[in-house]
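Single-structure report; data block below.
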Amino acid sequence: SGGGSGGVGEEKDASQVAEEQLVMYLHGVMSHMFFWLYQLLWIYPVYCISFVMSAMWYQDIAEHTYVIRGGKKAHKPLNFQRWINAMSQEIYILILIGTFMVQIMLLSLIPYVGRVLTFVQWCWTYALYSFQYRWALERWTIDQQLSYFETRWPYFAGFGFPLAVLTYVFPGFISAGVYALTFPVFIILAIVAKPTMHCAPLSAELKQAGASAPGHLPIFRYAQIVDVKLLSWIRRTCTRRRNNNRNARVQPM
């Protein structure tokens with residue numbers, strides 16, 4: 001009878017262990033489910049709303065700082081052609097930044113030096129974000145912005161360094177909150193800043209010949225090449241489809 005009772009006890013212990021494992025598994029599944037529901041239904045909506053509101057406030061901060069500094073906002077009538085040009089530049093800069101982000105991701109895969117290169121790239125990215133508001137108010141073209149940036153790359157690396165450090169120290173949403181809180185300070189600093197030039201400017205003849213100045217660092221060259229090819233492909237595709245539709249309409253039935 002002792003052996004029988006021992007067998008029954010072992011079966012009870014095994015079933016109890018199985019029940020405990022099942023309970024722990026369900027608890028883990030439910031915890032993950034509630035965590036993602038909390039993120040999806042609360043954190044992400046609040047983050048998106050805060051992001052949109054912050055973007056609006058950033059523009060107001062930039063405009064007020066620019067006026068206080070002595071700048072004058074352009075009051076030219078916004079005709080259709082000027083609106084098209086402005087939208088084209090905005091779309092191009094968005095594509096450029098997206099391509100630059102891919103470049104940062106690829107650099108992070110390089111062993112040993114990847115993290116250092118990625119950090120430096122983020123310093124430049126945050127500096128570009130900050131000065132974009134000033135350059136937009138001054139009506140600079142994209143070529144002017146990038147040329148100005150690439151001839152003063154040490155300055156801009158140092159300018160974006162504090163913000164890059166702050167976002168690297170904190171994880172996830174905390175990093176995004178710190179960025180949103182401190183970024184207006186960098187917008188103000190960008191508007192009042194006078195970046196020093198790292199290299200001598202080129203003459204118009206050398207620029208037309210495609211020469212680059214000593215010390216000029218083509219940070220955005222590869223991103224620009226990809227963007228030009230992408231936009232050319234989109235233009236060719238749209239033109240081809242438009243021609244096909246036109247030919248289909250004029251063909252006799």
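Following the order of the structure tokens, chains are lettered A, B, ..., residues in each are numbered from 1, and ligands are numbered from 1.
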
Would you kindly return, as an MDAnalysis selection string, each protein, DNA or RNA residue with an atom no farther than 10 Å from any atom of Thr196 in chain A, considering only C-alpha atoms and excluding same-chain residues fewer than 3 positions away? chainID A and resid 151:156 193 199

Skip range 89-100 of chain A itself and residues of its chain fewer than 3 positions away, then list as a ChimeraX atom specification all residues within 12 Å of it, counting only C-alpha atoms. /A:82-86,103-107,118,121-122,124-126,128-129,132-133,136,139-146,219-231

Just asking: which residues within range 81-206 of chain A are helix (DSSP H, G or I) according to DSSP, as a compact mmCIF listing (two decimals) with C-alpha atoms, in the first residue's frame?
# COMPACT_ATOMS: atom_id res chain seq x y z
CA GLN A 81 3.93 77.99 -58.11
CA ARG A 82 5.49 79.11 -54.81
CA TRP A 83 3.35 76.57 -52.95
CA ILE A 84 4.50 73.80 -55.32
CA ASN A 85 8.15 74.76 -54.82
CA ALA A 86 7.78 74.86 -51.05
CA MET A 87 6.05 71.47 -50.95
CA SER A 88 8.66 69.97 -53.26
CA GLN A 89 11.45 71.09 -50.97
CA GLU A 90 9.65 69.78 -47.89
CA ILE A 91 9.06 66.39 -49.51
CA TYR A 92 12.67 66.23 -50.68
CA ILE A 93 14.07 67.03 -47.24
CA LEU A 94 11.80 64.39 -45.68
CA ILE A 95 13.05 61.78 -48.16
CA LEU A 96 16.63 62.93 -47.54
CA ILE A 97 16.28 62.55 -43.78
CA GLY A 98 14.63 59.14 -44.21
CA THR A 99 17.51 57.98 -46.41
CA PHE A 100 19.97 59.38 -43.90
CA MET A 101 18.24 57.34 -41.18
CA VAL A 102 18.78 54.20 -43.25
CA GLN A 103 22.43 55.18 -43.55
CA ILE A 104 22.65 55.49 -39.76
CA MET A 105 21.08 52.06 -39.34
CA LEU A 106 23.59 50.50 -41.75
CA LEU A 107 26.50 52.17 -39.99
CA GLY A 114 29.58 51.31 -35.69
CA ARG A 115 28.25 52.78 -32.44
CA VAL A 116 30.68 55.71 -32.59
CA LEU A 117 29.82 56.50 -36.22
CA THR A 118 26.11 56.20 -35.44
CA PHE A 119 26.42 58.61 -32.52
CA VAL A 120 28.23 61.19 -34.67
CA GLN A 121 25.55 60.84 -37.35
CA TRP A 122 22.85 61.46 -34.74
CA CYS A 123 24.71 64.60 -33.61
CA TRP A 124 24.52 65.92 -37.18
CA THR A 125 20.89 64.85 -37.50
CA TYR A 126 19.79 66.76 -34.39
CA ALA A 127 21.75 69.81 -35.53
CA LEU A 128 20.03 69.64 -38.91
CA TYR A 129 16.63 69.37 -37.22
CA SER A 130 17.40 72.44 -35.11
CA PHE A 131 18.63 74.66 -37.95
CA GLN A 132 15.85 73.63 -40.33
CA TYR A 133 13.48 76.10 -38.64
CA ARG A 134 15.91 79.00 -39.10
CA TRP A 135 16.70 78.15 -42.71
CA ALA A 136 13.01 77.76 -43.55
CA LEU A 137 12.33 81.25 -42.17
CA ILE A 142 18.08 72.71 -49.92
CA ASP A 143 21.39 73.11 -51.76
CA GLN A 144 22.20 76.18 -49.67
CA GLN A 145 21.35 74.36 -46.45
CA LEU A 146 23.42 71.27 -47.18
CA SER A 147 26.39 73.24 -48.52
CA TYR A 148 26.35 75.44 -45.41
CA PHE A 149 26.10 72.37 -43.19
CA GLU A 150 28.86 70.35 -44.85
CA TRP A 153 30.47 69.97 -40.01
CA PRO A 154 32.65 70.16 -36.83
CA TYR A 155 30.48 72.96 -35.48
CA PHE A 156 27.26 71.08 -36.18
CA ALA A 157 28.62 67.86 -34.67
CA GLY A 158 29.33 69.77 -31.47
CA PHE A 159 25.98 71.55 -31.63
CA GLY A 160 24.01 68.31 -31.74
CA PHE A 161 26.25 66.50 -29.23
CA PRO A 162 24.33 67.44 -26.01
CA LEU A 163 20.96 66.40 -27.46
CA ALA A 164 22.41 63.15 -28.79
CA VAL A 165 23.84 62.35 -25.34
CA LEU A 166 20.49 63.05 -23.66
CA THR A 167 18.61 60.75 -26.04
CA TYR A 168 21.24 58.02 -25.70
CA VAL A 169 21.16 57.99 -21.89
CA GLY A 172 12.36 54.47 -25.25
CA PHE A 173 9.59 56.92 -24.45
CA ILE A 174 11.67 58.62 -21.74
CA SER A 175 14.22 59.52 -24.40
CA ALA A 176 11.45 60.89 -26.63
CA GLY A 177 10.12 62.97 -23.72
CA VAL A 178 13.56 64.37 -22.95
CA TYR A 179 13.99 65.22 -26.63
CA ALA A 180 10.63 67.00 -26.79
CA LEU A 181 11.44 68.93 -23.61
CA THR A 182 14.92 70.10 -24.61
CA PHE A 183 14.55 70.55 -28.37
CA PRO A 184 13.02 74.08 -28.15
CA VAL A 185 16.23 75.22 -26.44
CA PHE A 186 18.23 74.01 -29.44
CA ILE A 187 15.84 75.74 -31.85
CA ILE A 188 16.47 79.04 -30.05
CA LEU A 189 20.21 78.43 -30.00
CA ALA A 190 20.18 77.62 -33.72
CA ILE A 191 18.42 80.88 -34.57
CA VAL A 192 20.85 83.05 -32.59
CA ALA A 204 31.77 80.22 -58.56
CA GLU A 205 33.98 78.73 -61.30
CA LEU A 206 35.19 75.89 -59.07

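What separates CA of Leu40 in chain A from CA of Trp57 in chain A is a distance of 25.0 Å.
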